[in-house]
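Asker: Contents are mmCIF, C-alpha atoms; file name start00.cif:
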data_coords
loop_
_atom_site.label_atom_id
_atom_site.label_comp_id
_atom_site.auth_asym_id
_atom_site.auth_seq_id
_atom_site.Cartn_x
_atom_site.Cartn_y
_atom_site.Cartn_z
CA MET A 1 -4.58 -51.09 -5.59
CA ARG A 2 -4.35 -47.68 -3.93
CA ASP A 3 -3.33 -47.71 -0.28
CA PRO A 4 -6.28 -46.14 1.65
CA HIS A 5 -3.88 -44.89 4.34
CA ARG A 6 -1.67 -43.03 1.89
CA VAL A 7 -2.15 -39.25 2.03
CA ASN A 8 -2.26 -37.44 -1.28
CA LEU A 9 0.11 -34.45 -1.38
CA PHE A 10 -2.56 -32.28 -3.00
CA GLN A 11 -4.90 -33.03 -0.11
CA LYS A 12 -2.27 -31.68 2.28
CA THR A 13 -1.30 -28.65 0.21
CA PRO A 14 -3.83 -26.15 1.65
CA PHE A 15 -2.77 -27.13 5.16
CA LEU A 16 0.92 -26.76 4.28
CA ILE A 17 0.36 -23.37 2.68
CA LEU A 18 -1.58 -22.19 5.72
CA ASN A 19 1.28 -23.23 7.99
CA ILE A 20 3.82 -21.39 5.84
CA ILE A 21 1.73 -18.23 5.93
CA MET A 22 1.30 -18.45 9.69
CA ARG A 23 5.03 -18.91 10.20
CA GLU A 24 5.82 -15.95 7.99
CA LYS A 25 3.33 -13.50 9.46
CA SER A 26 2.89 -14.69 13.05
CA SER A 27 4.51 -16.33 16.03
CA PHE A 28 2.91 -18.42 18.74
CA LYS A 29 2.89 -17.72 22.46
CA GLY A 30 0.77 -19.61 24.93
CA GLY A 31 -1.32 -21.07 22.12
CA ASN A 32 -2.26 -17.62 20.78
CA VAL A 33 -1.27 -16.19 17.42
CA ILE A 34 0.77 -12.99 17.78
CA LYS A 35 1.27 -10.77 14.77
CA ARG A 36 4.90 -10.07 13.97
CA LYS A 37 6.12 -6.54 13.42
CA ILE A 38 7.06 -6.04 9.78
CA LEU A 39 10.25 -4.02 9.29
CA PHE A 40 12.01 -2.64 6.24
CA SER A 41 14.38 -4.86 4.28
CA SER A 42 18.17 -4.42 4.39
CA TYR A 43 18.30 -2.73 0.96
CA VAL A 44 16.23 0.19 2.33
CA ASP A 45 18.21 3.12 3.73
CA GLU A 46 16.02 3.27 6.81
CA GLU A 47 17.75 6.25 8.41
CA ARG A 48 16.82 8.43 5.44
CA ILE A 49 13.12 7.50 5.36
CA VAL A 50 11.01 10.65 5.47
CA THR A 51 7.34 10.94 6.37
CA THR A 52 4.83 13.77 6.34
CA PRO A 53 4.25 14.50 9.17
CA LYS A 54 7.82 13.86 10.34
CA GLU A 55 7.01 11.95 13.53
CA ILE A 56 4.33 9.27 13.65
CA GLU A 57 4.40 7.35 16.91
CA LEU A 58 2.68 4.04 17.49
CA ARG A 59 0.82 5.20 20.58
CA ASN A 60 -0.78 8.09 18.69
CA ILE A 61 -1.77 6.23 15.53
CA ALA A 62 -5.50 6.72 16.19
CA ASN A 63 -5.08 10.47 15.81
CA HIS A 64 -2.70 10.52 12.87
CA TYR A 65 -2.62 10.88 9.15
CA ARG A 66 0.25 10.02 6.84
CA TYR A 67 0.36 12.07 3.69
CA LEU A 68 3.66 10.77 2.38
CA ILE A 69 6.42 8.30 3.06
CA SER A 70 9.66 8.49 1.07
CA ILE A 71 11.73 5.29 1.10
CA PRO A 72 15.26 5.45 -0.39
CA PHE A 73 17.18 2.37 -1.54
CA ARG A 74 20.83 1.82 -0.72
CA ASN A 75 23.59 1.99 -3.33
CA ARG A 76 21.52 3.56 -6.09
CA ILE A 77 23.57 6.38 -7.60
CA LYS A 78 21.22 7.74 -10.26
CA GLN A 79 18.01 9.40 -9.12
CA ARG A 80 15.03 7.45 -10.42
CA ILE A 81 11.82 7.87 -8.47
CA ALA A 82 8.72 5.70 -8.20
CA VAL A 83 5.58 7.44 -6.94
CA VAL A 84 3.02 4.85 -5.87
CA ILE A 85 -0.56 5.85 -5.03
CA MET A 86 -2.57 3.46 -2.86
CA LYS A 87 -5.76 3.52 -0.75
CA ASN A 88 -4.76 4.49 2.80
CA PRO A 89 -1.81 4.04 5.17
CA SER A 90 -1.62 0.94 7.37
CA GLU A 91 1.51 0.93 9.55
CA ALA A 92 4.51 1.90 7.43
CA GLY A 93 6.35 4.94 8.74
CA ILE A 94 5.19 4.64 12.33
CA PHE A 95 8.08 4.89 14.79
CA ASP A 96 8.03 2.09 17.35
CA ASN A 97 9.88 3.25 20.46
CA SER A 98 10.06 -0.29 21.85
CA ILE A 99 12.49 -1.33 19.10
CA ASN A 100 13.71 2.15 18.09
CA ARG A 101 12.81 1.59 14.45
CA ARG A 102 10.19 2.57 11.91
CA LEU A 103 7.65 -0.09 11.03
CA SER A 104 6.87 -1.24 7.53
CA ASP A 105 3.75 -3.24 6.61
CA ASP A 106 3.06 -6.17 4.30
CA THR A 107 1.90 -3.99 1.39
CA ILE A 108 4.80 -1.53 1.52
CA TYR A 109 7.25 -4.40 1.94
CA ASN A 110 5.88 -6.04 -1.22
CA VAL A 111 5.86 -2.77 -3.19
CA CYS A 112 9.48 -2.02 -2.24
CA ASP A 113 10.53 -5.55 -3.15
CA TYR A 114 8.98 -5.26 -6.61
CA LEU A 115 10.45 -1.83 -7.33
CA TYR A 116 13.91 -2.65 -5.97
CA LYS A 117 14.14 -5.56 -8.43
CA HIS A 118 12.69 -3.64 -11.38
CA SER A 119 14.87 -2.95 -14.42
CA PHE A 120 14.19 0.81 -14.19
CA ASN A 121 16.63 0.74 -11.26
CA PHE A 122 14.61 2.96 -8.93
CA SER A 123 16.51 4.83 -6.24
CA LYS A 124 13.53 5.89 -4.13
CA VAL A 125 9.85 5.12 -3.61
CA ILE A 126 7.37 7.81 -2.59
CA ILE A 127 4.08 6.43 -1.30
CA LEU A 128 0.93 8.57 -1.49
CA ASN A 129 -2.64 7.55 -0.67
CA LEU A 130 -6.13 8.42 -1.83
CA PHE A 131 -7.09 8.74 1.83
CA PRO A 132 -4.37 9.76 4.32
CA ILE A 133 -5.98 8.46 7.50
CA PHE A 134 -4.35 5.45 9.22
CA GLY A 135 -6.24 2.17 9.34
CA PRO A 136 -5.55 -1.49 8.57
CA ASN A 137 -7.95 -1.29 5.62
CA MET A 138 -10.97 0.64 4.38
CA LYS A 139 -13.39 -1.80 5.97
CA ASN A 140 -11.98 -0.98 9.41
CA LEU A 141 -12.07 2.74 8.71
CA VAL A 142 -15.67 2.61 7.56
CA ASN A 143 -16.76 0.78 10.70
CA ASP A 144 -14.52 2.62 13.18
CA LYS A 145 -14.34 6.15 11.73
CA PRO A 146 -17.30 6.76 9.41
CA ASN A 147 -17.44 10.46 10.29
CA GLU A 148 -13.86 11.01 9.12
CA LEU A 149 -14.45 9.29 5.80
CA LEU A 150 -17.72 11.03 5.06
CA GLY A 151 -16.86 14.34 6.69
CA GLU A 152 -14.32 17.13 6.64
CA ASP A 153 -11.88 15.31 8.94
CA LEU A 154 -10.47 13.41 5.97
CA ASN A 155 -7.95 16.24 5.39
CA SER A 156 -8.24 15.99 1.61
CA ASN A 157 -7.01 19.56 1.07
CA LYS A 158 -3.73 18.88 2.88
CA ASN A 159 -3.42 15.58 1.04
CA ASN A 160 -3.92 17.32 -2.31
CA GLU A 161 -1.24 19.87 -1.44
CA VAL A 162 1.25 17.06 -0.84
CA PHE A 163 0.26 15.40 -4.13
CA SER A 164 0.92 18.63 -6.03
CA GLU A 165 4.25 19.22 -4.28
CA VAL A 166 5.44 15.71 -5.13
CA PHE A 167 4.40 15.92 -8.79
CA ASN A 168 6.00 19.34 -9.20
CA SER A 169 9.25 18.00 -7.74
CA LEU A 170 9.44 15.35 -10.47
CA ASN A 171 10.18 17.80 -13.28
CA HIS A 172 13.40 16.80 -15.06
CA VAL A 173 13.79 13.71 -12.84
CA PRO A 174 13.34 10.19 -14.31
CA HIS A 175 10.24 8.81 -12.63
CA ARG A 176 7.11 6.73 -12.92
CA ILE A 177 3.74 7.37 -11.29
CA ILE A 178 2.26 3.97 -10.47
CA LEU A 179 -1.41 3.56 -9.54
CA ALA A 180 -2.00 0.82 -7.00
CA TRP A 181 -5.21 1.53 -5.09
CA GLY A 182 -7.09 -1.60 -6.17
CA GLY A 183 -10.83 -2.00 -6.54
CA TYR A 184 -13.76 -0.94 -4.42
CA PRO A 185 -13.07 -1.44 -0.70
CA ASN A 186 -14.59 -4.46 1.01
CA LEU A 187 -17.08 -2.83 3.37
CA GLY A 188 -18.37 -6.00 5.02
CA ASN A 189 -21.98 -7.10 5.41
CA ASN A 190 -23.20 -4.89 8.24
CA LEU A 191 -23.64 -1.55 6.50
CA PRO A 192 -26.94 -0.50 4.88
CA LYS A 193 -26.94 -0.35 1.08
CA VAL A 194 -27.37 3.42 1.17
CA VAL A 195 -24.21 3.87 3.23
CA LYS A 196 -22.26 1.48 1.00
CA ALA A 197 -23.37 3.44 -2.04
CA LYS A 198 -22.08 6.65 -0.43
CA PHE A 199 -18.66 5.12 0.15
CA ARG A 200 -18.46 3.75 -3.39
CA LYS A 201 -19.26 7.22 -4.72
CA LEU A 202 -16.69 8.74 -2.35
CA TYR A 203 -14.09 6.28 -3.65
CA LYS A 204 -14.83 7.00 -7.31
CA ASP A 205 -14.90 10.75 -6.78
CA ARG A 206 -11.58 10.66 -4.94
CA ILE A 207 -9.92 8.65 -7.72
CA ASN A 208 -11.09 11.13 -10.34
CA GLU A 209 -9.91 14.03 -8.16
CA VAL A 210 -6.43 12.51 -7.94
CA ILE A 211 -6.34 11.81 -11.68
CA ASN A 212 -7.11 15.48 -12.30
CA ILE A 213 -4.20 16.47 -10.05
CA ILE A 214 -1.89 14.13 -11.96
CA GLY A 215 -2.96 15.84 -15.17
CA ASN A 216 -1.30 14.71 -18.40
CA ARG A 217 1.61 12.93 -16.70
CA PRO A 218 1.91 9.27 -17.77
CA THR A 219 0.66 6.72 -15.24
CA TYR A 220 1.49 3.04 -14.85
CA LYS A 221 0.14 -0.11 -13.25
CA VAL A 222 1.58 -3.52 -12.37
CA GLY A 223 -0.07 -6.65 -13.70
CA ASP A 224 -3.66 -6.90 -14.88
CA SER A 225 -6.39 -4.39 -14.13
CA LEU A 226 -9.42 -5.15 -12.00
CA SER A 227 -13.14 -4.73 -12.70
CA GLY A 228 -13.04 -4.31 -16.45
CA SER A 229 -9.82 -2.24 -16.53
CA LYS A 230 -11.22 0.48 -14.27
CA PHE A 231 -8.94 -0.20 -11.32
CA PRO A 232 -5.20 -0.92 -11.12
CA ALA A 233 -4.09 -3.91 -9.05
CA HIS A 234 -3.37 -3.19 -5.39
CA GLY A 235 0.29 -3.06 -4.40
CA LYS A 236 -0.22 -5.94 -1.99
CA VAL A 237 -0.74 -8.34 -4.90
CA TRP A 238 2.15 -7.27 -7.13
CA TYR A 239 4.44 -10.10 -8.24
CA ASP A 240 7.93 -9.57 -9.61
CA PHE A 241 7.20 -11.60 -12.76
CA GLU A 242 4.40 -9.19 -13.75
CA PRO A 243 5.27 -6.32 -16.08
CA MET A 244 4.81 -2.66 -15.30
CA LYS A 245 2.88 -1.04 -18.12
CA GLN A 246 1.27 2.25 -18.94
CA PHE A 247 -2.28 2.74 -17.68
CA SER A 248 -3.75 5.54 -19.74
CA HIS A 249 -7.45 5.66 -18.84
CA PRO A 250 -7.95 4.97 -15.13
CA ILE A 251 -10.89 7.37 -14.61
CA VAL A 252 -13.95 5.52 -13.29
#
Go through the file and emit its structure as structure tokens.

Answerer:
Amino acid sequence: MRDPHRVNLFQKTPFLILNIIMREKSSFKGGNVIKRKILFSSYVDEERIVTTPKEIELRNIANHYRYLISIPFRNRIKQRIAVVIMKNPSEAGIFDNSINRRLSDDTIYNVCDYLYKHSFNFSKVIILNLFPIFGPNMKNLVNDKPNELLGEDLNSNKNNEVFSEVFNSLNHVPHRIILAWGGYPNLGNNLPKVVKAKFRKLYKDRINEVINIIGNRPTYKVGDSLSGSKFPAHGKVWYDFEPMKQFSHPIV
């Protein structure tokens, strides 16, 4: 007969997983959860990280864009470049004066981990974004800065210039352009349908604009596509057991 006081391991699993996640991402102080600062791993040559613009300070993040971050790996002799295109910057590249280091973020950390382990033996990762404005995610940007996303303050022209410069620099250099912007942004439940439709159109139009800039260069994705093969998986959900494969028709 089954002991009624015996706890099934599978019943405890969600609780155990939650605790592991909390320990990894947060620390506790006075009963409150405090988010840990995510830094770059030891295989990253942090002193040679380059951003455009060059200086992005934590206290000025609300007024900043990041068009590019270039992250070199240590002890890689041959030049092999990964160009990864995602949605928008979160924290990576910001210089935190309190610890005298640049911050990473959970997505960039995961992307670097995948590419560092990859058999192509990448020496450097260049991160570009569909939208260069800083924000934890698109949902926050839509709610906090709708004028920037729907107006001219998005700095798309400058962003496009950086895209073109990066792609032109890849001539005669072994490289892969990896699409990692994920599906439609989660916009929450508070926006009117008309506004949501505008942002979905903005997102689709921006993807097609970037694809046109890429031109006939081969593009790749990691893992399975989303939404009927229209969208590549977001870099945050890459796993090192998933293959990198060519993604030939990403236009939506």

Asker: Could you write out as a list in words the residues that the PyMOL selection byres ((chain A and resi 121) around 12) matches in the shown file?

Answerer: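 Expected selection for the PyMOL selection byres ((chain A and resi 121) around 12) here is Pro72, Phe73, Arg74, Asn75, Arg76, Ile77, Lys78, Gln79, Arg80, Ile81, Ala82, Cys112, Asp113, Tyr114, Leu115, Tyr116, Lys117, His118, Ser119, Phe120, Phe122, Ser123, Lys124, Val125, Pro174, His175 and Arg176 of chain A.
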
Asker: Could you list, with a cut-off of 10 Å and counting only C-alpha atoms, the residues of segment 211-248 of chain A near segment 105-110 of chain A, each shown with its nearest atom pair and the distance in Å rounded to one decimal, rows sorted by chain and ascending number, as JSON lines?

Answerer:
{"residue": "A:His234", "atom": "CA", "partner": "A:Thr107", "partner_atom": "CA", "distance": 8.6}
{"residue": "A:Gly235", "atom": "CA", "partner": "A:Thr107", "partner_atom": "CA", "distance": 6.1}
{"residue": "A:Lys236", "atom": "CA", "partner": "A:Thr107", "partner_atom": "CA", "distance": 4.4}
{"residue": "A:Val237", "atom": "CA", "partner": "A:Asn110", "partner_atom": "CA", "distance": 7.9}
{"residue": "A:Trp238", "atom": "CA", "partner": "A:Asn110", "partner_atom": "CA", "distance": 7.1}
{"residue": "A:Tyr239", "atom": "CA", "partner": "A:Asn110", "partner_atom": "CA", "distance": 8.2}
{"residue": "A:Asp240", "atom": "CA", "partner": "A:Asn110", "partner_atom": "CA", "distance": 9.3}

Asker: So what do you get for atom CA of Val84 of chain A versus atom CA of Ala180 of chain A, distance-wise?

Answerer: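 Here the two named atoms are 6.5 Å from each other.
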
Asker: May I ask which of the residues A:Leu130, A:Ile49, A:Ile85, A:Val173 is the closest one to Thr219 of chain A, counting all atoms listed in the file?

Answerer: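 Going through A:Leu130, A:Ile49, A:Ile85, A:Val173 one by one, the smallest distance to Thr219 of chain A is for A:Ile85.
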
Asker: Skipping near chain neighbours, those fewer than 3 positions away, what residues fall within 10 Å of segment 158-164 of chain A using all atoms listed in the file, listed as a list of chain:residue names?

Answerer: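 Returned residues: A:Thr52, A:Tyr65, A:Arg66, A:Tyr67, A:Leu68, A:Val83, A:Ile85, A:Leu128, A:Asn129, A:Leu130, A:Phe131, A:Pro132, A:Ile133, A:Leu154, A:Asn155, A:Phe167, A:Asn168, A:Ser169, A:Glu209, A:Val210, A:Ile213, A:Ile214.
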
Asker: Write a file of the just-selected residues containing C-alpha atoms, as a compact mmCIF listing (two decimals), in the frame of the given file.

Answerer:
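Just written: result.txt:
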# COMPACT_ATOMS: atom_id res chain seq x y z
CA THR A 52 4.83 13.77 6.34
CA TYR A 65 -2.62 10.88 9.15
CA ARG A 66 0.25 10.02 6.84
CA TYR A 67 0.36 12.07 3.69
CA LEU A 68 3.66 10.77 2.38
CA VAL A 83 5.58 7.44 -6.94
CA ILE A 85 -0.56 5.85 -5.03
CA LEU A 128 0.93 8.57 -1.49
CA ASN A 129 -2.64 7.55 -0.67
CA LEU A 130 -6.13 8.42 -1.83
CA PHE A 131 -7.09 8.74 1.83
CA PRO A 132 -4.37 9.76 4.32
CA ILE A 133 -5.98 8.46 7.50
CA LEU A 154 -10.47 13.41 5.97
CA ASN A 155 -7.95 16.24 5.39
CA PHE A 167 4.40 15.92 -8.79
CA ASN A 168 6.00 19.34 -9.20
CA SER A 169 9.25 18.00 -7.74
CA GLU A 209 -9.91 14.03 -8.16
CA VAL A 210 -6.43 12.51 -7.94
CA ILE A 213 -4.20 16.47 -10.05
CA ILE A 214 -1.89 14.13 -11.96

Asker: Where's the centre, and what are the edge lengths in Å to one decimal, of a box along x, y and z enclosing all listed atoms of segment 191-202 of chain A padded 6 Å per side, as lines of an AutoDock Vina configuration file?

Answerer:
center_x = -22.0
center_y = 3.6
center_z = 0.9
size_x = 22.7
size_y = 22.3
size_z = 23.2

Asker: Any idea what's packed within 12 Å of Tyr203 of chain A, counting all atoms listed in the file, ignoring anything in its chain fewer than 2 positions away? Could you give it as a short mmCIF file (atom, residue, chain, number, x, y, z; two decimals) with C-alpha atoms, keeping the file's coordinate frame?

Answerer:
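Contents of the output file out.cif:
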data_model
loop_
_atom_site.label_atom_id
_atom_site.label_comp_id
_atom_site.auth_asym_id
_atom_site.auth_seq_id
_atom_site.Cartn_x
_atom_site.Cartn_y
_atom_site.Cartn_z
CA MET A 86 -2.57 3.46 -2.86
CA LYS A 87 -5.76 3.52 -0.75
CA ASN A 88 -4.76 4.49 2.80
CA ASN A 129 -2.64 7.55 -0.67
CA LEU A 130 -6.13 8.42 -1.83
CA PHE A 131 -7.09 8.74 1.83
CA MET A 138 -10.97 0.64 4.38
CA VAL A 142 -15.67 2.61 7.56
CA LEU A 149 -14.45 9.29 5.80
CA LEU A 150 -17.72 11.03 5.06
CA TRP A 181 -5.21 1.53 -5.09
CA GLY A 182 -7.09 -1.60 -6.17
CA GLY A 183 -10.83 -2.00 -6.54
CA TYR A 184 -13.76 -0.94 -4.42
CA PRO A 185 -13.07 -1.44 -0.70
CA ASN A 186 -14.59 -4.46 1.01
CA LEU A 187 -17.08 -2.83 3.37
CA LYS A 196 -22.26 1.48 1.00
CA ALA A 197 -23.37 3.44 -2.04
CA LYS A 198 -22.08 6.65 -0.43
CA PHE A 199 -18.66 5.12 0.15
CA ARG A 200 -18.46 3.75 -3.39
CA LYS A 201 -19.26 7.22 -4.72
CA ASP A 205 -14.90 10.75 -6.78
CA ARG A 206 -11.58 10.66 -4.94
CA ILE A 207 -9.92 8.65 -7.72
CA ASN A 208 -11.09 11.13 -10.34
CA GLU A 209 -9.91 14.03 -8.16
CA VAL A 210 -6.43 12.51 -7.94
CA PHE A 231 -8.94 -0.20 -11.32
CA ILE A 251 -10.89 7.37 -14.61
CA VAL A 252 -13.95 5.52 -13.29
#

Asker: To one decimal in Å, tell me the separation between atom CA of Ser156 of chain A and atom CA of Asn212 of chain A.

Answerer: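 Interatomic distance here is 14.0 Å.
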
Asker: Between A:Ile127, A:Ile99, A:Glu91, A:Lys204, which is the closest to Val50 of chain A once you count all atoms listed in the file?

Answerer: A:Ile127

Asker: Run through the PyMOL selection byres ((chain A and resi 244) around 7) on the given coordinates and return the selected residues as a list in words.

Answerer: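 Taken on the displayed file, the PyMOL selection byres ((chain A and resi 244) around 7) yields the residues Tyr220, Lys221, Val222, Gly223, Glu242, Pro243 and Lys245 of chain A.
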
Asker: What is the atom CA of Phe241 of chain A-atom CA of Arg217 of chain A distance in Å, reported with one decimal?

Answerer: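 Atom CA of Phe241 of chain A sits 25.5 Å away from atom CA of Arg217 of chain A.
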
Asker: May I ask which of the residues A:Val195, A:Leu39, A:Val111, A:Ile211 is the closest one to Ile94 of chain A, counting all atoms listed in the file?

Answerer: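 So, comparing all the options, the nearest one is A:Leu39.
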
Asker: Tell me, as a ChimeraX atom specification, which residues lie within 12 Å of Glu47 of chain A, counting only C-alpha atoms; anything in the same chain fewer than 3 positions away does not count.

Answerer: /A:40,42-44,50-51,70-74,93,95,100-102
